[in-house]
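File shown here: work.pdb, holding PDB, C-alpha atoms, pLDDT in the B column.
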MODEL        1
ATOM      1  CA  MET M   1     -34.472  12.025   8.211  1.00 64.00           C
ATOM      2  CA  LYS M   2     -32.068  14.965   8.353  1.00 73.00           C
ATOM      3  CA  MET M   3     -29.425  12.832  10.076  1.00 77.00           C
ATOM      4  CA  GLN M   4     -29.625  10.318   7.223  1.00 79.00           C
ATOM      5  CA  TRP M   5     -28.842  13.055   4.679  1.00 84.00           C
ATOM      6  CA  ILE M   6     -25.838  14.150   6.716  1.00 88.00           C
ATOM      7  CA  LYS M   7     -24.528  10.578   6.726  1.00 87.00           C
ATOM      8  CA  PHE M   8     -25.006  10.291   2.960  1.00 89.00           C
ATOM      9  CA  GLY M   9     -23.308  13.648   2.422  1.00 90.00           C
ATOM     10  CA  PHE M  10     -20.369  12.550   4.562  1.00 91.00           C
ATOM     11  CA  ALA M  11     -20.161   9.266   2.631  1.00 92.00           C
ATOM     12  CA  TYR M  12     -20.073  11.077  -0.711  1.00 93.00           C
ATOM     13  CA  ILE M  13     -17.445  13.556   0.471  1.00 94.00           C
ATOM     14  CA  LEU M  14     -15.213  10.696   1.551  1.00 94.00           C
ATOM     15  CA  TRP M  15     -15.963   8.920  -1.713  1.00 94.00           C
ATOM     16  CA  ALA M  16     -14.511  11.969  -3.485  1.00 95.00           C
ATOM     17  CA  VAL M  17     -11.438  11.713  -1.228  1.00 95.00           C
ATOM     18  CA  PHE M  18     -11.171   8.037  -2.205  1.00 95.00           C
ATOM     19  CA  ILE M  19     -11.182   9.026  -5.887  1.00 96.00           C
ATOM     20  CA  ALA M  20      -8.533  11.722  -5.368  1.00 96.00           C
ATOM     21  CA  LEU M  21      -6.267   9.349  -3.451  1.00 96.00           C
ATOM     22  CA  GLY M  22      -6.805   6.691  -6.130  1.00 95.00           C
ATOM     23  CA  LEU M  23      -5.718   9.124  -8.832  1.00 96.00           C
ATOM     24  CA  LEU M  24      -2.650  10.016  -6.779  1.00 95.00           C
ATOM     25  CA  ILE M  25      -1.770   6.328  -6.421  1.00 95.00           C
ATOM     26  CA  LEU M  26      -2.243   5.893 -10.164  1.00 95.00           C
ATOM     27  CA  VAL M  27       0.153   8.740 -10.972  1.00 94.00           C
ATOM     28  CA  VAL M  28       2.808   7.738  -8.419  1.00 93.00           C
ATOM     29  CA  SER M  29       2.792   4.068  -9.418  1.00 93.00           C
ATOM     30  CA  ARG M  30       2.858   4.910 -13.136  1.00 94.00           C
ATOM     31  CA  THR M  31       5.822   7.229 -12.633  1.00 92.00           C
ATOM     32  CA  SER M  32       7.645   4.616 -10.572  1.00 91.00           C
ATOM     33  CA  LEU M  33       7.067   1.895 -13.149  1.00 91.00           C
ATOM     34  CA  THR M  34       8.106   4.061 -16.089  1.00 91.00           C
ATOM     35  CA  THR M  35      11.220   5.323 -14.314  1.00 89.00           C
ATOM     36  CA  PHE M  36      12.229   1.809 -13.306  1.00 89.00           C
ATOM     37  CA  LEU M  37      11.792   0.507 -16.851  1.00 88.00           C
ATOM     38  CA  ARG M  38      13.655   3.434 -18.409  1.00 87.00           C
ATOM     39  CA  LEU M  39      16.588   3.024 -16.023  1.00 86.00           C
ATOM     40  CA  ASN M  40      16.861  -0.756 -16.142  1.00 85.00           C
ATOM     41  CA  TYR M  41      15.319  -1.925 -19.408  1.00 83.00           C
ATOM     42  CA  SER M  42      15.492   0.540 -22.291  1.00 80.00           C
ATOM     43  CA  LEU M  43      19.055   1.933 -21.826  1.00 80.00           C
ATOM     44  CA  ASN M  44      19.493   3.808 -25.134  1.00 81.00           C
ATOM     45  CA  ASN M  45      17.711   1.143 -27.173  1.00 85.00           C
ATOM     46  CA  PHE M  46      15.069   2.658 -29.473  1.00 87.00           C
ATOM     47  CA  GLN M  47      12.860  -0.441 -29.671  1.00 90.00           C
ATOM     48  CA  ARG M  48      12.900  -1.009 -25.916  1.00 88.00           C
ATOM     49  CA  GLY M  49      12.138   2.676 -25.398  1.00 87.00           C
ATOM     50  CA  LYS M  50       8.993   2.278 -27.493  1.00 91.00           C
ATOM     51  CA  GLN M  51       8.084  -0.847 -25.524  1.00 91.00           C
ATOM     52  CA  VAL M  52       8.376   1.155 -22.308  1.00 91.00           C
ATOM     53  CA  GLU M  53       6.057   3.802 -23.786  1.00 92.00           C
ATOM     54  CA  LEU M  54       3.534   1.074 -24.698  1.00 94.00           C
ATOM     55  CA  ILE M  55       3.724  -0.417 -21.202  1.00 94.00           C
ATOM     56  CA  ASP M  56       3.282   3.068 -19.751  1.00 93.00           C
ATOM     57  CA  GLN M  57       0.145   3.757 -21.785  1.00 95.00           C
ATOM     58  CA  ALA M  58      -1.308   0.273 -21.236  1.00 96.00           C
ATOM     59  CA  TYR M  59      -0.682   0.515 -17.499  1.00 95.00           C
ATOM     60  CA  PHE M  60      -2.467   3.861 -17.324  1.00 94.00           C
ATOM     61  CA  LEU M  61      -5.432   2.525 -19.319  1.00 96.00           C
ATOM     62  CA  ILE M  62      -5.817  -0.720 -17.359  1.00 96.00           C
ATOM     63  CA  MET M  63      -5.330   0.836 -13.942  1.00 95.00           C
ATOM     64  CA  GLY M  64      -7.656   3.704 -14.898  1.00 95.00           C
ATOM     65  CA  LEU M  65     -10.387   1.204 -15.771  1.00 97.00           C
ATOM     66  CA  ILE M  66      -9.805  -0.638 -12.495  1.00 96.00           C
ATOM     67  CA  LEU M  67     -10.118   2.685 -10.660  1.00 96.00           C
ATOM     68  CA  VAL M  68     -13.425   3.423 -12.406  1.00 96.00           C
ATOM     69  CA  VAL M  69     -14.802   0.018 -11.367  1.00 97.00           C
ATOM     70  CA  LEU M  70     -13.582   0.574  -7.799  1.00 96.00           C
ATOM     71  CA  MET M  71     -15.236   3.997  -7.760  1.00 96.00           C
ATOM     72  CA  ILE M  72     -18.595   2.420  -8.555  1.00 96.00           C
ATOM     73  CA  VAL M  73     -18.188  -0.397  -6.012  1.00 96.00           C
ATOM     74  CA  VAL M  74     -16.946   1.879  -3.222  1.00 96.00           C
ATOM     75  CA  GLU M  75     -19.753   4.392  -3.806  1.00 95.00           C
ATOM     76  CA  GLU M  76     -22.337   1.675  -3.243  1.00 95.00           C
ATOM     77  CA  TYR M  77     -20.344   0.272  -0.303  1.00 94.00           C
ATOM     78  CA  PHE M  78     -20.244   3.673   1.423  1.00 94.00           C
ATOM     79  CA  LYS M  79     -23.896   4.408   0.646  1.00 93.00           C
ATOM     80  CA  ASN M  80     -25.041   1.094   2.136  1.00 92.00           C
ATOM     81  CA  GLY M  81     -22.733   1.653   5.110  1.00 91.00           C
ATOM     82  CA  ALA M  82     -24.408   4.998   5.789  1.00 90.00           C
ATOM     83  CA  ARG M  83     -27.806   3.350   5.533  1.00 91.00           C
ATOM     84  CA  LYS M  84     -26.826   0.534   7.966  1.00 90.00           C
ATOM     85  CA  ASN M  85     -24.904   2.809  10.400  1.00 88.00           C
ATOM     86  CA  VAL M  86     -21.567   1.031   9.797  1.00 90.00           C
ATOM     87  CA  LEU M  87     -19.978   3.775   7.716  1.00 91.00           C
ATOM     88  CA  THR M  88     -16.982   4.357   9.989  1.00 91.00           C
ATOM     89  CA  ARG M  89     -15.960   0.701   9.869  1.00 93.00           C
ATOM     90  CA  ARG M  90     -16.328   0.634   6.094  1.00 93.00           C
ATOM     91  CA  LEU M  91     -14.345   3.853   5.742  1.00 94.00           C
ATOM     92  CA  ALA M  92     -11.556   2.348   7.827  1.00 94.00           C
ATOM     93  CA  ARG M  93     -11.479  -0.778   5.658  1.00 94.00           C
ATOM     94  CA  VAL M  94     -11.402   1.058   2.342  1.00 96.00           C
ATOM     95  CA  PHE M  95      -8.966   3.773   3.340  1.00 96.00           C
ATOM     96  CA  GLY M  96      -6.722   1.287   5.160  1.00 96.00           C
ATOM     97  CA  ILE M  97      -6.329  -0.729   1.964  1.00 96.00           C
ATOM     98  CA  GLU M  98      -5.944   2.365  -0.183  1.00 96.00           C
ATOM     99  CA  ILE M  99      -3.314   3.934   2.062  1.00 96.00           C
ATOM    100  CA  PHE M 100      -1.418   0.633   2.046  1.00 96.00           C
ATOM    101  CA  PHE M 101      -1.338   0.713  -1.765  1.00 95.00           C
ATOM    102  CA  PHE M 102      -0.177   4.330  -1.597  1.00 95.00           C
ATOM    103  CA  PHE M 103       2.569   3.175   0.773  1.00 95.00           C
ATOM    104  CA  LEU M 104       3.669   0.506  -1.724  1.00 94.00           C
ATOM    105  CA  ALA M 105       3.704   2.967  -4.628  1.00 93.00           C
ATOM    106  CA  SER M 106       5.669   5.453  -2.528  1.00 92.00           C
ATOM    107  CA  VAL M 107       8.223   2.818  -1.506  1.00 93.00           C
ATOM    108  CA  ALA M 108       8.807   1.970  -5.154  1.00 89.00           C
ATOM    109  CA  SER M 109       9.224   5.641  -6.014  1.00 87.00           C
ATOM    110  CA  VAL M 110      11.566   6.324  -3.102  1.00 89.00           C
ATOM    111  CA  TYR M 111      13.625   3.247  -3.934  1.00 87.00           C
ATOM    112  CA  LEU M 112      14.384   4.758  -7.339  1.00 85.00           C
ATOM    113  CA  VAL M 113      15.125   8.267  -6.075  1.00 83.00           C
ATOM    114  CA  GLY M 114      16.742   7.549  -2.729  1.00 83.00           C
ATOM    115  CA  PHE M 115      15.784   7.464   0.924  1.00 83.00           C
ATOM    116  CA  SER M 116      16.053  10.306   3.399  1.00 87.00           C
ATOM    117  CA  THR M 117      15.077  10.633   7.035  1.00 90.00           C
ATOM    118  CA  LEU M 118      11.913  12.614   6.349  1.00 91.00           C
ATOM    119  CA  VAL M 119      10.761  10.294   3.572  1.00 90.00           C
ATOM    120  CA  THR M 120      11.422   7.248   5.749  1.00 91.00           C
ATOM    121  CA  ALA M 121       9.348   8.815   8.532  1.00 94.00           C
ATOM    122  CA  GLU M 122       6.543   9.454   6.036  1.00 93.00           C
ATOM    123  CA  LEU M 123       6.652   5.840   4.857  1.00 94.00           C
ATOM    124  CA  VAL M 124       6.568   4.538   8.426  1.00 95.00           C
ATOM    125  CA  PHE M 125       3.600   6.840   9.168  1.00 97.00           C
ATOM    126  CA  LEU M 126       1.714   5.619   6.077  1.00 96.00           C
ATOM    127  CA  PHE M 127       2.343   1.992   6.992  1.00 97.00           C
ATOM    128  CA  LEU M 128       1.244   2.453  10.610  1.00 97.00           C
ATOM    129  CA  LEU M 129      -1.828   4.451   9.563  1.00 96.00           C
ATOM    130  CA  SER M 130      -2.894   1.722   7.161  1.00 96.00           C
ATOM    131  CA  CYS M 131      -2.378  -0.952   9.837  1.00 95.00           C
ATOM    132  CA  VAL M 132      -4.427   0.975  12.409  1.00 95.00           C
ATOM    133  CA  LEU M 133      -7.248   1.597   9.949  1.00 95.00           C
ATOM    134  CA  LEU M 134      -7.310  -2.049   8.881  1.00 94.00           C
ATOM    135  CA  MET M 135      -7.313  -3.241  12.485  1.00 94.00           C
ATOM    136  CA  PHE M 136     -10.218  -0.929  13.282  1.00 92.00           C
ATOM    137  CA  GLY M 137     -12.072  -1.876  10.109  1.00 90.00           C
ATOM    138  CA  TYR M 138     -11.799  -5.619  10.525  1.00 88.00           C
ATOM    139  CA  LYS M 139     -11.960  -5.892  14.318  1.00 85.00           C
ATOM    140  CA  ASN M 140     -15.048  -7.716  15.477  1.00 73.00           C
ATOM    141  CA  PRO M 141     -17.453  -5.299  17.168  1.00 66.00           C
ATOM    142  CA  PRO M 142     -18.357  -6.119  20.766  1.00 60.00           C
ATOM    143  CA  ARG M 143     -21.532  -8.103  21.010  1.00 64.00           C
ATOM    144  CA  THR M 144     -24.408  -6.475  22.760  1.00 61.00           C
ATOM    145  CA  ILE M 145     -26.900  -8.378  24.813  1.00 61.00           C
ATOM    146  CA  GLN M 146     -30.419  -7.778  23.676  1.00 60.00           C
ATOM    147  CA  ASN M 147     -33.290  -8.538  25.921  1.00 56.00           C
ATOM    148  CA  LYS M 148     -36.004 -10.339  24.026  1.00 56.00           C
ATOM    149  CA  ILE M 149     -39.224 -10.025  25.910  1.00 54.00           C
TER     150      ILE M 149
ENDMDL
END

What would the structure in this file look like if it were written as structure tokens?
Amino acid sequence: MKMQWIKFGFAYILWAVFIALGLLILVVSRTSLTTFLRLNYSLNNFQRGKQVELIDQAYFLIMGLILVVLMIVVEEYFKNGARKNVLTRRLARVFGIEIFFFFLASVASVYLVGFSTLVTAELVFLFLLSCVLLMFGYKNPPRTIQNKI
């Protein structure tokens, strides 16, 4: 019984990490989108500047709602994973996908600002980490032979 509570506690701690990383992705992607639109679309045009502000606010609202829905789904997914003893595989799946989206948002941001050696190494690390987590999360577990007597 005590071990079950530890698993649930671990699942909820990592759920909080999922939320924090989701908020970070939201901020980085919003900044990248707004910067890209300001540099390439508005260009000293008042009406287009207001359109960029509308897109910025709408993006934040829509992606915020998507994040809230994902928070609810992932909480249940982690909780059931703890109950079924497959939490590590589920963590790898969720965080692999989330880190990949963080990688994409970071690439967009770095594209606007400029690449450097350290940032390129960080992007390569994020991409490889997401690939490893996804491979672990979606790899078929080895089948065990059960004796039925």

(Q) From the options M:Lys2, M:Lys139, M:Arg30, M:Lys7, which residue's atoms come nearest to M:Arg83, counting all atoms listed in the file? (A)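 For M:Arg83, the nearest of the given residues is M:Lys7.
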
Q: Scan for residues within 10 Å of the point (-1.1, 9.4, -3.0) in the coordinates of the file, using all atoms listed in the file, and reply as a PyMOL selection string.
A: chain M and resi 20-29+98-99+101-103+105-106

Q.
Could you tell me how far atom CA of M:Asn80 sits from atom CA of M:Val94, in Å to one decimal place?
A.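 If I compute the distance from atom CA of M:Val94 to atom CA of M:Asn80, I get 13.6 Å.
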
Q: Measuring atom to atom with only C-alpha atoms, identify which of M:Tyr111, M:Arg93, M:Leu104, M:Tyr41 is nearest to M:Gly81.
A: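 Among the listed residues, M:Arg93 lies closest to M:Gly81.
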
(Q) Just to confirm, what's the straight-line distance from atom CA of M:Ala11 to atom CA of M:Gly137 in Å (one decimal)? (A)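 Straight-line distance from atom CA of M:Ala11 to atom CA of M:Gly137 works out to 15.7 Å.
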
Q | Distance in Å - atom CA of M:Thr31 versus atom CA of M:Ser109 | A |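 About the pair atom CA of M:Thr31 and atom CA of M:Ser109: they are 7.6 Å apart.
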
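The residues returned by the PyMOL selection byres ((chain M and resi 134-136) around 7) on the shown structure are Arg89, Ala92, Arg93, Gly96, Ser130, Cys131, Val132, Leu133, Gly137, Tyr138 and Lys139 of chain M.
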
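Each of M:Ile97, M:Leu129, M:Val110, M:Ala82 was compared to M:Ile6 using all atoms listed in the file, and M:Ala82 turns out to be the nearest.
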
Q | Residues selected by the PyMOL selection byres ((chain M and resi 79) around 12), written as a VMD selection string | A | chain M and resid 4 to 15 72 to 78 80 to 88 90 to 91

Q.
Using all atoms listed in the file, can you tell me which of M:Asn45, M:Leu33, M:Val17, M:Tyr59 comes closest to M:Val107?
A. M:Leu33

Please determine an axis-aligned box that encloses all atoms of stretch 3-10 of chain M listed in the file, with 3 Å added on each side, and express its centre and edge lengths in Å to one decimal as JSON.
{"center_x": -25.0, "center_y": 12.2, "center_z": 6.2, "size_x": 15.3, "size_y": 9.9, "size_z": 13.7}

Will you model N, CA and C atoms for stretch 93-126 of chain M and pass it back as a PDB file, in the frame of the given file?
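Saved file rebuild.pdb follows:
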ATOM      1  N   ARG M  93     -11.911   0.325   6.534  1.00 94.00           N
ATOM      2  CA  ARG M  93     -11.479  -0.778   5.658  1.00 94.00           C
ATOM      3  C   ARG M  93     -10.963  -0.260   4.319  1.00 94.00           C
ATOM      4  N   VAL M  94     -11.754   0.580   3.678  1.00 96.00           N
ATOM      5  CA  VAL M  94     -11.402   1.058   2.342  1.00 96.00           C
ATOM      6  C   VAL M  94     -10.148   1.918   2.378  1.00 96.00           C
ATOM      7  N   PHE M  95     -10.114   2.882   3.298  1.00 96.00           N
ATOM      8  CA  PHE M  95      -8.966   3.773   3.340  1.00 96.00           C
ATOM      9  C   PHE M  95      -7.723   3.075   3.875  1.00 96.00           C
ATOM     10  N   GLY M  96      -7.874   2.066   4.718  1.00 96.00           N
ATOM     11  CA  GLY M  96      -6.722   1.287   5.160  1.00 96.00           C
ATOM     12  C   GLY M  96      -6.055   0.570   3.993  1.00 96.00           C
ATOM     13  N   ILE M  97      -6.862  -0.046   3.143  1.00 96.00           N
ATOM     14  CA  ILE M  97      -6.329  -0.729   1.964  1.00 96.00           C
ATOM     15  C   ILE M  97      -5.737   0.274   0.983  1.00 96.00           C
ATOM     16  N   GLU M  98      -6.424   1.375   0.779  1.00 96.00           N
ATOM     17  CA  GLU M  98      -5.944   2.365  -0.183  1.00 96.00           C
ATOM     18  C   GLU M  98      -4.652   3.030   0.279  1.00 96.00           C
ATOM     19  N   ILE M  99      -4.550   3.337   1.545  1.00 96.00           N
ATOM     20  CA  ILE M  99      -3.314   3.934   2.062  1.00 96.00           C
ATOM     21  C   ILE M  99      -2.173   2.926   2.004  1.00 96.00           C
ATOM     22  N   PHE M 100      -2.471   1.646   2.183  1.00 96.00           N
ATOM     23  CA  PHE M 100      -1.418   0.633   2.046  1.00 96.00           C
ATOM     24  C   PHE M 100      -0.902   0.591   0.606  1.00 96.00           C
ATOM     25  N   PHE M 101      -1.780   0.681  -0.371  1.00 95.00           N
ATOM     26  CA  PHE M 101      -1.338   0.713  -1.765  1.00 95.00           C
ATOM     27  C   PHE M 101      -0.559   1.989  -2.071  1.00 95.00           C
ATOM     28  N   PHE M 102      -0.944   3.100  -1.444  1.00 95.00           N
ATOM     29  CA  PHE M 102      -0.177   4.330  -1.597  1.00 95.00           C
ATOM     30  C   PHE M 102       1.215   4.174  -0.982  1.00 95.00           C
ATOM     31  N   PHE M 103       1.281   3.476   0.147  1.00 95.00           N
ATOM     32  CA  PHE M 103       2.569   3.175   0.773  1.00 95.00           C
ATOM     33  C   PHE M 103       3.452   2.356  -0.172  1.00 95.00           C
ATOM     34  N   LEU M 104       2.889   1.333  -0.799  1.00 94.00           N
ATOM     35  CA  LEU M 104       3.669   0.506  -1.724  1.00 94.00           C
ATOM     36  C   LEU M 104       4.157   1.304  -2.930  1.00 94.00           C
ATOM     37  N   ALA M 105       3.304   2.137  -3.492  1.00 93.00           N
ATOM     38  CA  ALA M 105       3.704   2.967  -4.628  1.00 93.00           C
ATOM     39  C   ALA M 105       4.781   3.961  -4.215  1.00 93.00           C
ATOM     40  N   SER M 106       4.677   4.500  -3.013  1.00 92.00           N
ATOM     41  CA  SER M 106       5.669   5.453  -2.528  1.00 92.00           C
ATOM     42  C   SER M 106       7.002   4.776  -2.260  1.00 92.00           C
ATOM     43  N   VAL M 107       6.977   3.555  -1.731  1.00 93.00           N
ATOM     44  CA  VAL M 107       8.223   2.818  -1.506  1.00 93.00           C
ATOM     45  C   VAL M 107       8.936   2.573  -2.825  1.00 93.00           C
ATOM     46  N   ALA M 108       8.196   2.196  -3.844  1.00 89.00           N
ATOM     47  CA  ALA M 108       8.807   1.970  -5.154  1.00 89.00           C
ATOM     48  C   ALA M 108       9.410   3.261  -5.698  1.00 89.00           C
ATOM     49  N   SER M 109       8.719   4.353  -5.533  1.00 87.00           N
ATOM     50  CA  SER M 109       9.224   5.641  -6.014  1.00 87.00           C
ATOM     51  C   SER M 109      10.464   6.077  -5.240  1.00 87.00           C
ATOM     52  N   VAL M 110      10.429   5.920  -3.934  1.00 89.00           N
ATOM     53  CA  VAL M 110      11.566   6.324  -3.102  1.00 89.00           C
ATOM     54  C   VAL M 110      12.767   5.421  -3.348  1.00 89.00           C
ATOM     55  N   TYR M 111      12.534   4.168  -3.630  1.00 87.00           N
ATOM     56  CA  TYR M 111      13.625   3.247  -3.934  1.00 87.00           C
ATOM     57  C   TYR M 111      14.411   3.725  -5.155  1.00 87.00           C
ATOM     58  N   LEU M 112      13.721   4.274  -6.131  1.00 85.00           N
ATOM     59  CA  LEU M 112      14.384   4.758  -7.339  1.00 85.00           C
ATOM     60  C   LEU M 112      15.118   6.079  -7.112  1.00 85.00           C
ATOM     61  N   VAL M 113      14.555   6.940  -6.277  1.00 83.00           N
ATOM     62  CA  VAL M 113      15.125   8.267  -6.075  1.00 83.00           C
ATOM     63  C   VAL M 113      16.146   8.268  -4.941  1.00 83.00           C
ATOM     64  N   GLY M 114      15.854   7.592  -3.880  1.00 83.00           N
ATOM     65  CA  GLY M 114      16.742   7.549  -2.729  1.00 83.00           C
ATOM     66  C   GLY M 114      15.992   7.878  -1.450  1.00 83.00           C
ATOM     67  N   PHE M 115      16.432   7.283  -0.371  1.00 83.00           N
ATOM     68  CA  PHE M 115      15.784   7.464   0.924  1.00 83.00           C
ATOM     69  C   PHE M 115      16.385   8.657   1.648  1.00 83.00           C
ATOM     70  N   SER M 116      15.592   9.277   2.481  1.00 87.00           N
ATOM     71  CA  SER M 116      16.053  10.306   3.399  1.00 87.00           C
ATOM     72  C   SER M 116      15.301  10.099   4.709  1.00 87.00           C
ATOM     73  N   THR M 117      15.695  10.815   5.724  1.00 90.00           N
ATOM     74  CA  THR M 117      15.077  10.633   7.035  1.00 90.00           C
ATOM     75  C   THR M 117      13.601  11.025   7.019  1.00 90.00           C
ATOM     76  N   LEU M 118      13.296  12.141   6.390  1.00 91.00           N
ATOM     77  CA  LEU M 118      11.913  12.614   6.349  1.00 91.00           C
ATOM     78  C   LEU M 118      11.029  11.674   5.529  1.00 91.00           C
ATOM     79  N   VAL M 119      11.544  11.206   4.414  1.00 90.00           N
ATOM     80  CA  VAL M 119      10.761  10.294   3.572  1.00 90.00           C
ATOM     81  C   VAL M 119      10.554   8.962   4.281  1.00 90.00           C
ATOM     82  N   THR M 120      11.572   8.485   4.985  1.00 91.00           N
ATOM     83  CA  THR M 120      11.422   7.248   5.749  1.00 91.00           C
ATOM     84  C   THR M 120      10.378   7.411   6.846  1.00 91.00           C
ATOM     85  N   ALA M 121      10.365   8.557   7.503  1.00 94.00           N
ATOM     86  CA  ALA M 121       9.348   8.815   8.532  1.00 94.00           C
ATOM     87  C   ALA M 121       7.954   8.846   7.914  1.00 94.00           C
ATOM     88  N   GLU M 122       7.836   9.428   6.724  1.00 93.00           N
ATOM     89  CA  GLU M 122       6.543   9.454   6.036  1.00 93.00           C
ATOM     90  C   GLU M 122       6.083   8.040   5.685  1.00 93.00           C
ATOM     91  N   LEU M 123       7.014   7.212   5.213  1.00 94.00           N
ATOM     92  CA  LEU M 123       6.652   5.840   4.857  1.00 94.00           C
ATOM     93  C   LEU M 123       6.232   5.037   6.079  1.00 94.00           C
ATOM     94  N   VAL M 124       6.943   5.226   7.184  1.00 95.00           N
ATOM     95  CA  VAL M 124       6.568   4.538   8.426  1.00 95.00           C
ATOM     96  C   VAL M 124       5.178   4.996   8.875  1.00 95.00           C
ATOM     97  N   PHE M 125       4.916   6.308   8.798  1.00 97.00           N
ATOM     98  CA  PHE M 125       3.600   6.840   9.168  1.00 97.00           C
ATOM     99  C   PHE M 125       2.497   6.245   8.298  1.00 97.00           C
ATOM    100  N   LEU M 126       2.721   6.183   6.977  1.00 96.00           N
ATOM    101  CA  LEU M 126       1.714   5.619   6.077  1.00 96.00           C
ATOM    102  C   LEU M 126       1.444   4.162   6.401  1.00 96.00           C
TER     103      LEU M 126
END
